[in-house]
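Engineer: Following this line is target.txt, made up of compact mmCIF, C-alpha atoms:
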```txt
# COMPACT_ATOMS: atom_id res chain seq x y z
CA MET A 1 60.58 -111.82 -29.07
CA ALA A 2 57.41 -112.30 -27.01
CA GLU A 3 56.66 -109.69 -24.35
CA PHE A 4 56.12 -110.92 -20.80
CA PRO A 5 53.76 -109.09 -18.42
CA THR A 6 55.21 -107.18 -15.50
CA PHE A 7 53.43 -107.58 -12.16
CA THR A 8 53.69 -105.76 -8.91
CA VAL A 9 54.24 -108.08 -5.96
CA SER A 10 50.71 -107.55 -4.67
CA GLY A 11 49.32 -107.89 -8.18
CA LEU A 12 51.04 -111.23 -8.63
CA ASN A 13 49.77 -112.42 -5.26
CA GLN A 14 46.23 -111.43 -6.19
CA TYR A 15 46.56 -113.20 -9.53
CA MET A 16 47.71 -116.41 -7.82
CA LYS A 17 44.84 -116.09 -5.34
CA SER A 18 42.31 -115.78 -8.19
CA LEU A 19 43.77 -118.89 -9.86
CA LEU A 20 43.41 -120.95 -6.69
CA ASP A 21 39.95 -119.58 -5.90
CA ARG A 22 38.68 -120.64 -9.32
CA ASP A 23 39.89 -124.21 -8.82
CA GLU A 24 36.80 -126.11 -7.65
CA PHE A 25 38.91 -129.02 -6.43
CA LEU A 26 40.73 -126.75 -3.98
CA ASN A 27 37.52 -125.13 -2.67
CA GLY A 28 36.61 -128.22 -0.63
CA ILE A 29 39.40 -130.62 0.25
CA PHE A 30 40.34 -132.98 3.10
CA VAL A 31 43.96 -132.89 4.31
CA ARG A 32 45.40 -135.40 6.76
CA GLY A 33 48.44 -134.42 8.80
CA GLU A 34 50.04 -133.70 12.16
CA ILE A 35 49.48 -130.39 13.95
CA SER A 36 52.53 -128.23 14.67
CA ASN A 37 53.11 -124.60 15.71
CA TYR A 38 49.57 -124.46 17.05
CA LYS A 39 48.47 -121.09 18.49
CA CYS A 40 45.07 -119.83 19.60
CA TYR A 41 44.98 -116.03 19.62
CA PRO A 42 42.78 -113.86 21.88
CA SER A 43 40.69 -113.07 18.82
CA GLY A 44 39.55 -116.71 18.83
CA HIS A 45 41.31 -117.57 15.54
CA HIS A 46 43.45 -120.74 15.43
CA TYR A 47 46.73 -120.78 13.50
CA PHE A 48 48.80 -123.93 12.97
CA SER A 49 50.60 -126.05 10.40
CA LEU A 50 49.87 -129.51 9.12
CA LYS A 51 52.87 -131.65 8.29
CA ASP A 52 53.78 -135.13 7.26
CA ALA A 53 57.14 -136.80 6.59
CA GLU A 54 57.81 -134.74 3.47
CA GLY A 55 55.98 -131.44 3.66
CA THR A 56 54.18 -128.69 5.63
CA ILE A 57 51.23 -126.42 4.91
CA ARG A 58 50.09 -123.42 6.89
CA CYS A 59 46.50 -123.49 8.19
CA VAL A 60 44.06 -121.10 9.80
CA MET A 61 40.68 -121.72 11.43
CA PHE A 62 38.64 -118.63 12.19
CA LYS A 63 36.72 -118.07 15.40
CA ARG A 64 33.29 -118.98 14.02
CA GLU A 65 34.45 -122.40 12.79
CA ALA A 66 36.73 -123.00 15.80
CA ALA A 67 33.78 -122.50 18.17
CA ARG A 68 32.22 -125.68 16.81
CA LEU A 69 35.23 -127.88 17.69
CA ARG A 70 34.46 -130.63 20.20
CA PHE A 71 38.13 -130.98 21.16
CA ARG A 72 41.12 -128.71 21.68
CA PRO A 73 43.86 -129.14 19.08
CA GLU A 74 47.37 -129.84 20.36
CA ASN A 75 50.81 -130.05 18.77
CA GLY A 76 51.55 -133.56 17.57
CA MET A 77 47.87 -134.48 17.22
CA LYS A 78 47.00 -136.26 13.97
CA VAL A 79 43.90 -134.76 12.40
CA ILE A 80 41.88 -134.53 9.21
CA ALA A 81 41.23 -130.93 8.17
CA PHE A 82 38.55 -129.84 5.72
CA GLY A 83 38.65 -126.48 3.99
CA ARG A 84 39.78 -124.53 0.96
CA VAL A 85 43.24 -123.64 -0.30
CA THR A 86 44.02 -120.07 -1.32
CA VAL A 87 46.74 -117.42 -1.14
CA PHE A 88 47.02 -114.80 1.56
CA PRO A 89 47.95 -111.79 -0.64
CA ARG A 90 49.92 -109.95 2.03
CA ASP A 91 52.73 -112.48 2.28
CA GLY A 92 52.13 -114.47 -0.91
CA GLN A 93 51.97 -117.87 0.79
CA TYR A 94 49.18 -120.29 0.11
CA GLN A 95 47.45 -121.86 3.09
CA LEU A 96 44.51 -124.02 4.09
CA TYR A 97 41.47 -122.18 5.47
CA CYS A 98 39.92 -124.85 7.69
CA SER A 99 36.18 -125.04 8.23
CA ASP A 100 36.30 -128.32 10.13
CA LEU A 101 38.89 -130.30 12.04
CA THR A 102 38.58 -133.81 13.48
CA PRO A 103 41.02 -136.20 15.12
CA ASP A 104 42.41 -138.78 12.71
CA GLY A 105 41.87 -142.44 13.37
CA VAL A 106 38.13 -142.59 12.74
CA GLY A 107 38.87 -143.59 9.19
CA ASP A 108 36.54 -143.72 6.21
CA LEU A 109 33.41 -143.33 8.36
CA HIS A 110 34.40 -139.84 9.33
CA VAL A 111 35.26 -138.84 5.78
CA ALA A 112 31.89 -140.16 4.62
CA PHE A 113 30.21 -138.28 7.47
CA GLU A 114 31.81 -134.98 6.45
CA GLN A 115 31.11 -135.51 2.78
CA LEU A 116 27.42 -136.25 3.41
CA LYS A 117 27.11 -133.36 5.85
CA ASN A 118 28.54 -130.92 3.32
CA LYS A 119 26.34 -132.32 0.55
CA LEU A 120 23.12 -132.02 2.55
CA ALA A 121 24.09 -128.60 3.88
CA ALA A 122 24.62 -127.38 0.32
CA GLU A 123 21.12 -128.62 -0.55
CA GLY A 124 19.68 -126.62 2.33
CA LEU A 125 18.50 -129.56 4.47
CA PHE A 126 20.12 -127.98 7.54
CA ASP A 127 18.68 -124.51 6.91
CA PRO A 128 17.37 -123.12 10.23
CA ALA A 129 14.57 -121.38 8.33
CA LYS A 130 13.17 -124.81 7.40
CA LYS A 131 13.01 -126.02 11.01
CA ARG A 132 9.43 -126.60 12.15
CA PRO A 133 8.33 -125.45 15.61
CA ILE A 134 7.78 -128.10 18.26
CA PRO A 135 4.13 -128.12 19.45
CA ALA A 136 3.79 -126.61 22.91
CA TYR A 137 1.23 -129.19 24.12
CA PRO A 138 1.54 -132.36 22.01
CA LYS A 139 -1.45 -134.70 22.07
CA LYS A 140 0.20 -137.70 20.44
CA ILE A 141 3.93 -138.50 20.18
CA ALA A 142 5.49 -141.29 18.12
CA LEU A 143 8.74 -142.86 19.36
CA ILE A 144 10.97 -144.36 16.67
CA THR A 145 13.51 -146.48 18.51
CA SER A 146 14.34 -150.01 19.57
CA PRO A 147 11.61 -151.52 21.78
CA ALA A 148 14.23 -153.45 23.75
CA GLY A 149 16.72 -150.66 24.48
CA ALA A 150 17.12 -148.51 27.56
CA ALA A 151 16.30 -145.42 25.50
CA VAL A 152 12.63 -146.33 25.07
CA ARG A 153 12.25 -146.90 28.80
CA ASP A 154 13.82 -143.52 29.55
CA LEU A 155 11.56 -141.85 27.00
CA LEU A 156 8.38 -143.43 28.36
CA ARG A 157 9.36 -142.70 31.96
CA VAL A 158 10.07 -139.00 31.33
CA LEU A 159 7.02 -138.51 29.09
CA LYS A 160 4.71 -140.08 31.69
CA ALA A 161 6.18 -137.97 34.48
CA ARG A 162 6.13 -134.67 32.56
CA TRP A 163 3.03 -134.89 30.36
CA PRO A 164 0.73 -137.85 31.16
CA LEU A 165 -2.04 -136.25 29.06
CA CYS A 166 -0.15 -137.18 25.92
CA GLN A 167 -0.73 -140.44 24.02
CA VAL A 168 2.53 -142.23 23.15
CA VAL A 169 2.93 -144.60 20.19
CA VAL A 170 6.09 -146.71 19.85
CA ILE A 171 7.06 -147.61 16.29
CA PRO A 172 9.72 -150.31 16.84
CA THR A 173 12.81 -150.30 14.63
CA SER A 174 16.38 -151.49 14.63
CA VAL A 175 18.79 -148.73 15.60
CA GLN A 176 22.01 -150.53 14.73
CA GLY A 177 23.22 -152.60 11.83
CA ALA A 178 22.77 -152.68 8.07
CA GLU A 179 18.98 -153.08 8.19
CA ALA A 180 18.44 -150.16 10.59
CA PRO A 181 18.38 -147.27 8.03
CA GLY A 182 15.61 -148.91 5.99
CA GLU A 183 13.51 -149.65 9.07
CA ILE A 184 13.91 -146.09 10.36
CA CYS A 185 12.83 -144.70 6.97
CA GLN A 186 9.81 -147.01 6.95
CA ALA A 187 8.88 -145.97 10.49
CA LEU A 188 9.04 -142.30 9.53
CA SER A 189 6.77 -142.96 6.57
CA LEU A 190 4.24 -144.66 8.89
CA VAL A 191 3.86 -141.50 10.99
CA GLY A 192 1.35 -140.05 8.55
CA VAL A 193 -0.63 -143.31 8.59
CA CYS A 194 -0.93 -143.43 12.39
CA GLY A 195 -3.20 -140.39 12.44
CA GLY A 196 -3.17 -137.62 15.01
CA VAL A 197 0.60 -137.74 15.59
CA ASP A 198 1.92 -134.21 16.00
CA LEU A 199 5.52 -134.95 17.06
CA VAL A 200 8.19 -137.64 16.49
CA ILE A 201 11.16 -138.50 18.69
CA ALA A 202 13.74 -140.65 16.90
CA GLY A 203 16.85 -141.91 18.63
CA ARG A 204 18.72 -144.44 20.70
CA GLY A 205 21.21 -144.64 23.53
CA GLY A 206 24.93 -143.97 23.29
CA GLY A 207 27.54 -146.01 21.48
CA SER A 208 30.50 -145.83 19.13
CA MET A 209 30.37 -144.05 15.79
CA GLU A 210 29.77 -147.41 14.11
CA ASP A 211 26.85 -148.09 16.50
CA LEU A 212 25.23 -144.75 15.68
CA TRP A 213 25.94 -144.91 11.97
CA CYS A 214 22.35 -145.64 10.89
CA PHE A 215 21.50 -142.06 11.92
CA ASN A 216 24.21 -140.83 9.53
CA ASP A 217 22.51 -142.47 6.54
CA GLU A 218 21.46 -140.16 3.69
CA LYS A 219 18.10 -141.89 3.25
CA VAL A 220 17.32 -141.45 6.93
CA ALA A 221 18.21 -137.76 6.72
CA ARG A 222 15.90 -137.23 3.76
CA ALA A 223 13.12 -139.24 5.46
CA ILE A 224 13.36 -136.98 8.53
CA ARG A 225 13.02 -133.91 6.34
CA ALA A 226 10.07 -135.49 4.48
CA CYS A 227 8.25 -136.45 7.70
CA PRO A 228 4.88 -134.62 7.87
CA VAL A 229 5.35 -133.58 11.51
CA PRO A 230 8.29 -132.10 13.45
CA VAL A 231 11.07 -134.52 14.43
CA ILE A 232 13.33 -134.42 17.50
CA SER A 233 16.64 -136.26 17.09
CA ALA A 234 17.69 -137.86 20.39
CA VAL A 235 20.71 -139.97 19.51
CA GLY A 236 23.47 -141.07 21.88
CA HIS A 237 25.04 -138.87 24.51
CA GLU A 238 25.67 -135.13 24.51
CA PRO A 239 29.07 -135.27 22.67
CA ASP A 240 27.62 -137.47 19.90
CA PHE A 241 26.56 -135.70 16.70
CA THR A 242 24.87 -137.40 13.75
CA ILE A 243 23.47 -136.26 10.43
CA ALA A 244 20.00 -136.77 11.95
CA ASP A 245 20.84 -134.09 14.53
CA PHE A 246 21.53 -131.54 11.80
CA VAL A 247 18.49 -132.29 9.65
CA ALA A 248 15.94 -132.75 12.46
CA ASP A 249 13.80 -129.86 13.64
CA LEU A 250 15.39 -130.06 17.08
CA ARG A 251 18.41 -131.89 18.52
CA ALA A 252 18.34 -133.42 21.98
CA ALA A 253 21.51 -134.32 23.82
CA THR A 254 20.07 -137.66 25.02
CA PRO A 255 16.79 -139.60 24.69
CA SER A 256 15.70 -138.34 28.12
CA ASN A 257 16.48 -134.80 27.06
CA GLY A 258 14.40 -135.39 23.92
CA ALA A 259 11.38 -136.26 26.06
CA GLU A 260 11.98 -133.12 28.14
CA LEU A 261 12.20 -130.91 25.05
CA ALA A 262 9.08 -132.49 23.56
CA THR A 263 6.72 -131.89 26.46
CA PRO A 264 5.83 -129.28 29.04
CA ASP A 265 6.09 -130.14 32.72
CA ILE A 266 2.60 -130.77 34.07
CA ARG A 267 3.73 -129.81 37.56
CA GLU A 268 4.85 -126.39 36.37
CA ILE A 269 1.62 -125.95 34.42
CA THR A 270 -0.41 -126.96 37.48
CA GLU A 271 1.48 -124.45 39.62
CA ASN A 272 0.95 -121.75 36.99
CA LEU A 273 -2.76 -122.54 36.80
CA GLN A 274 -3.04 -122.38 40.58
CA THR A 275 -1.27 -119.03 40.56
CA ILE A 276 -3.60 -117.76 37.84
CA GLN A 277 -6.61 -119.13 39.73
CA MET A 278 -5.59 -117.25 42.88
CA ALA A 279 -4.99 -114.08 40.88
CA LEU A 280 -8.41 -114.39 39.27
CA LYS A 281 -10.05 -114.98 42.64
CA ARG A 282 -8.41 -111.87 44.07
CA ALA A 283 -9.48 -109.88 41.01
CA VAL A 284 -13.09 -111.13 41.32
CA ASP A 285 -13.14 -110.33 45.06
CA ARG A 286 -11.90 -106.81 44.35
CA ARG A 287 -14.52 -106.36 41.65
CA ILE A 288 -17.31 -107.62 43.93
CA ASP A 289 -16.16 -105.27 46.70
CA ARG A 290 -15.98 -102.32 44.30
CA GLU A 291 -19.43 -103.04 42.82
CA GLY A 292 -20.87 -103.53 46.33
CA LYS A 293 -19.70 -100.05 47.31
CA ARG A 294 -21.11 -98.66 44.08
CA LEU A 295 -24.48 -100.34 44.77
CA TYR A 296 -24.50 -98.91 48.30
CA ASN A 297 -23.82 -95.41 46.99
CA LEU A 298 -26.56 -95.77 44.39
CA SER A 299 -29.08 -97.05 46.92
CA ASN A 300 -28.48 -93.91 49.03
CA ASN A 301 -28.67 -91.58 46.07
CA ARG A 302 -31.26 -88.78 46.37
CA VAL A 303 -32.62 -89.57 42.92
CA LEU A 304 -33.65 -93.04 43.98
CA ARG A 305 -35.09 -91.89 47.29
CA ASP A 306 -37.03 -88.90 45.84
CA PRO A 307 -37.33 -89.13 42.03
CA MET A 308 -39.17 -85.75 41.79
CA ALA A 309 -36.43 -83.88 43.67
CA PRO A 310 -34.19 -83.34 40.64
CA ILE A 311 -37.21 -82.16 38.62
CA GLN A 312 -38.12 -79.62 41.32
CA ASP A 313 -34.53 -78.44 41.38
CA LYS A 314 -34.62 -77.95 37.62
CA ARG A 315 -37.90 -76.05 37.86
CA LEU A 316 -36.41 -73.67 40.42
CA LEU A 317 -33.37 -73.23 38.22
CA LEU A 318 -35.63 -72.55 35.22
CA ASP A 319 -37.55 -69.87 37.15
CA TYR A 320 -34.30 -68.26 38.21
CA HIS A 321 -32.99 -68.14 34.65
CA GLN A 322 -36.39 -66.82 33.39
CA ARG A 323 -36.32 -63.92 35.87
CA HIS A 324 -32.70 -63.26 35.01
CA LEU A 325 -33.48 -63.11 31.28
CA ILE A 326 -36.52 -60.83 31.75
CA ASN A 327 -34.51 -58.37 33.85
CA ALA A 328 -31.68 -58.48 31.35
CA LEU A 329 -34.11 -57.72 28.47
CA LYS A 330 -35.74 -54.84 30.39
CA ASN A 331 -32.35 -53.31 31.10
CA LYS A 332 -31.33 -53.76 27.47
CA LEU A 333 -34.56 -52.06 26.24
CA ALA A 334 -34.09 -49.18 28.69
CA ARG A 335 -30.53 -48.63 27.49
CA THR A 336 -31.69 -48.84 23.87
CA HIS A 337 -34.48 -46.26 24.41
CA GLY A 338 -32.00 -43.93 26.05
CA ASP A 339 -29.56 -44.30 23.17
CA LEU A 340 -32.40 -43.74 20.64
CA GLY A 341 -33.47 -40.51 22.37
CA ARG A 342 -29.95 -39.15 22.37
CA LEU A 343 -29.49 -40.00 18.69
CA ALA A 344 -32.85 -38.43 17.78
CA ALA A 345 -31.94 -35.24 19.62
CA GLY A 346 -28.64 -35.13 17.81
CA LEU A 347 -30.33 -35.60 14.43
CA ASP A 348 -32.92 -32.96 15.28
CA ALA A 349 -30.18 -30.50 16.19
CA LEU A 350 -28.54 -31.09 12.83
CA SER A 351 -31.83 -30.82 10.86
CA PRO A 352 -31.91 -28.04 8.21
CA MET A 353 -35.44 -27.20 9.41
CA LYS A 354 -33.96 -25.99 12.69
CA VAL A 355 -31.74 -23.63 10.79
CA LEU A 356 -34.69 -22.35 8.78
CA GLY A 357 -36.64 -21.82 11.98
CA ARG A 358 -34.05 -19.30 13.08
CA GLY A 359 -34.77 -17.09 10.02
CA TYR A 360 -32.55 -18.60 7.43
CA GLY A 361 -33.58 -19.87 3.95
CA ILE A 362 -32.26 -22.21 1.28
CA ALA A 363 -31.94 -20.86 -2.27
CA ARG A 364 -32.01 -23.24 -5.24
CA ASN A 365 -31.85 -22.76 -9.02
CA GLN A 366 -34.32 -24.20 -11.44
CA GLU A 367 -32.36 -27.49 -11.49
CA GLY A 368 -32.71 -27.84 -7.71
CA GLN A 369 -29.07 -27.14 -6.98
CA VAL A 370 -28.36 -25.28 -3.71
CA LEU A 371 -26.88 -21.82 -4.37
CA HIS A 372 -23.72 -21.05 -2.48
CA SER A 373 -22.30 -18.09 -4.48
CA ILE A 374 -23.54 -15.08 -6.47
CA ARG A 375 -21.52 -16.47 -9.34
CA GLN A 376 -24.14 -19.22 -9.79
CA VAL A 377 -26.82 -16.61 -10.81
CA LYS A 378 -27.20 -13.44 -12.84
CA HIS A 379 -29.77 -10.70 -13.23
CA GLY A 380 -33.21 -12.11 -14.06
CA THR A 381 -32.44 -15.70 -12.97
CA ALA A 382 -35.47 -17.48 -11.50
CA ILE A 383 -34.80 -19.17 -8.15
CA THR A 384 -36.77 -20.80 -5.30
CA LEU A 385 -36.34 -19.89 -1.66
CA ARG A 386 -37.22 -22.46 0.99
CA LEU A 387 -38.36 -21.01 4.32
CA THR A 388 -39.44 -22.75 7.48
CA ASP A 389 -43.09 -23.00 6.45
CA GLY A 390 -42.97 -23.00 2.61
CA THR A 391 -41.22 -22.05 -0.63
CA LEU A 392 -41.06 -18.72 -2.50
CA GLY A 393 -40.61 -18.36 -6.25
CA CYS A 394 -38.23 -15.40 -6.83
CA ARG A 395 -36.31 -13.63 -9.62
CA VAL A 396 -32.92 -11.97 -9.17
CA GLU A 397 -33.25 -8.20 -9.54
CA GLY A 398 -29.74 -7.39 -8.62
CA VAL A 399 -26.41 -8.89 -7.56
CA GLU A 400 -24.14 -7.30 -4.96
CA LYS A 401 -20.84 -8.75 -3.94
CA HIS A 402 -19.73 -8.45 -0.34
CA GLY A 403 -16.15 -8.24 0.77
```
Show me this structure written as structure tokens.
Structural biologist:
Amino acid sequence: MAEFPTFTVSGLNQYMKSLLDRDEFLNGIFVRGEISNYKCYPSGHHYFSLKDAEGTIRCVMFKREAARLRFRPENGMKVIAFGRVTVFPRDGQYQLYCSDLTPDGVGDLHVAFEQLKNKLAAEGLFDPAKKRPIPAYPKKIALITSPAGAAVRDLLRVLKARWPLCQVVVIPTSVQGAEAPGEICQALSLVGVCGGVDLVIAGRGGGSMEDLWCFNDEKVARAIRACPVPVISAVGHEPDFTIADFVADLRAATPSNGAELATPDIREITENLQTIQMALKRAVDRRIDREGKRLYNLSNNRVLRDPMAPIQDKRLLLDYHQRHLINALKNKLARTHGDLGRLAAGLDALSPMKVLGRGYGIARNQEGQVLHSIRQVKHGTAITLRLTDGTLGCRVEGVEKHG
């Protein structure tokens, strides 16, 4: 009989979780249903269920993903949820971890939008690290939009008001319809041919999702990324999001906002320059005043009025130091002579010749050794006796020991 494995409850839940996590189909799935039991906790996480006529599945959307919602979910709302299915090991129930949630009713366009967005995101086209900086002071801007729409008029008006030093080139394209994606791609490819363009603004005014769909085209997204200069996406109104917004280097809420983000305000720059000019003038005035005082002090300096005065002062100082050194040397020599006399007197007092002068003598044997004891000699030993004025050669005739 075959043996069956024995699981703990948590072990079984973990095993089921690993099975679901390895299923690639369940790691990215769209689920259509009606929201029920919706709750938004203080943590920012959203918990709810999706149900249809025959079933229910528990769902969770964490704070980070929920913060990107452009609407507030409500019970009874029909939505399309995108996420992954897995098991929550603590209670053993499988649930849908939602990464995106949109109201149902948009239809296949929305599904295609989400699928393309996820595909391009996986390829790294939305990576913030790949975003190029917008030039601070653009010299030439290319507008890719319809020449007949209100958007181009708004763009030109704002650009002229904010940065009239910039040259603007309009590359006309369709921004709606089946032919629009191809024309937008062609316009983006012409940017490099125009020469000198350092920024592109691509966009149009507001409209329905169908009206804006050309900016959700995969070819357009890849053309934006391939454009040799930074691209600002300025499509629709603030609530409208397109694939172009995600792939562009910068998203603008509206065409007018795109022109504002693309250029500095010449009035602000003029005011800043005037402020800097005034600050520089004050700094120059202070420097001139400071140098004028310095020049005045120098002109009244004694060195300039009497160039020989410092030399005379140095001569007097030299004489003073010379006298001081001479006196110091004389005093040093006097002290040294005094010390030498005292030392000489001390040496003279200790001289053996002084002792001999008082009647004493120094006896030595034939080897020159000084005799200190009668034990160093015997009868008949020849010795020398040094007196104060000479030396006597002697022979020992007798030895007498004293107590």
Engineer: Nearest residue to Ser208 (chain A) out of A:Cys227, A:Val235, A:Cys59, A:Cys98, using only C-alpha atoms?
Structural biologist: A:Val235
Engineer: Considering only C-alpha atoms, state which residue in the set A:Gly258, A:Ile29, A:Val396, A:Arg222 is at the smallest distance from Ile141 (chain A).
Structural biologist: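 The shortest atom-to-atom distance to Ile141 (chain A) comes from A:Gly258.
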Engineer: Would you mind reading off the distance between CA of Thr381 (chain A) and CA of Ala363 (chain A), one decimal, in Å?
Structural biologist: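 Separation between CA of Thr381 (chain A) and CA of Ala363 (chain A): 11.9 Å.
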Engineer: Could you tell me how far CA of Thr270 (chain A) sits from CA of Arg282 (chain A), in Å to one decimal place?
Structural biologist: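 These two atoms are separated by 18.3 Å.
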Engineer: Using all atoms listed in the file, find all polymer residues with an atom at most 8 Å away from the point (-29.6, -9.2, -15.1); report them as a PyMOL selection string.
Structural biologist: chain A and resi 378-381+396-398
Engineer: What lies within 10 Å of Gly196 (chain A) using only C-alpha atoms, ignoring chain neighbours under 4 positions off, as number ranges by chain?
Structural biologist: A: 138-142, 167, 191-192
Engineer: For CA of Gln176 (chain A) and CA of Val158 (chain A), determine how far apart the two atoms are, in Å to one decimal place.
Structural biologist: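 Result for CA of Gln176 (chain A) versus CA of Val158 (chain A): 23.5 Å, one decimal.
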Engineer: Check the smallest atom-to-atom distance from each of A:Leu317, A:Val284, A:Met278, A:Met61 to Leu96 (chain A) using all atoms listed in the file, then report the winner.
Structural biologist: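 Comparing A:Leu317, A:Val284, A:Met278, A:Met61 against Leu96 (chain A), the winner is A:Met61.
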Engineer: Name the residues in contact with region 145-147 of chain A at a cut-off of 9 Å, using all atoms listed in the file, excluding same-chain residues fewer than 3 positions from it; report them as a VMD selection string.
Structural biologist: chain A and resid 150 to 153 170 to 175 184 201 to 204
Engineer: To box region 260-271 of chain A, take all atoms listed in the file, fit an axis-aligned box, add 5 Å on each side, and give centre and edge lengths in Å to one decimal, as AutoDock Vina command-line options.
Structural biologist:
```
--center_x 5.9 --center_y -128.8 --center_z 31.6 --size_x 22.6 --size_y 18.7 --size_z 26.1
```
Engineer: Which residues, protein or nucleic acid, reach to within 10 Å of (-33.8, -24.9, -9.0) in the file's coordinates when using all atoms listed in the file, and can you give that as JSON, numbers by chain?
Structural biologist: {"A": [363, 364, 365, 366, 367, 368, 369, 370, 371, 382, 383, 384, 385, 393]}
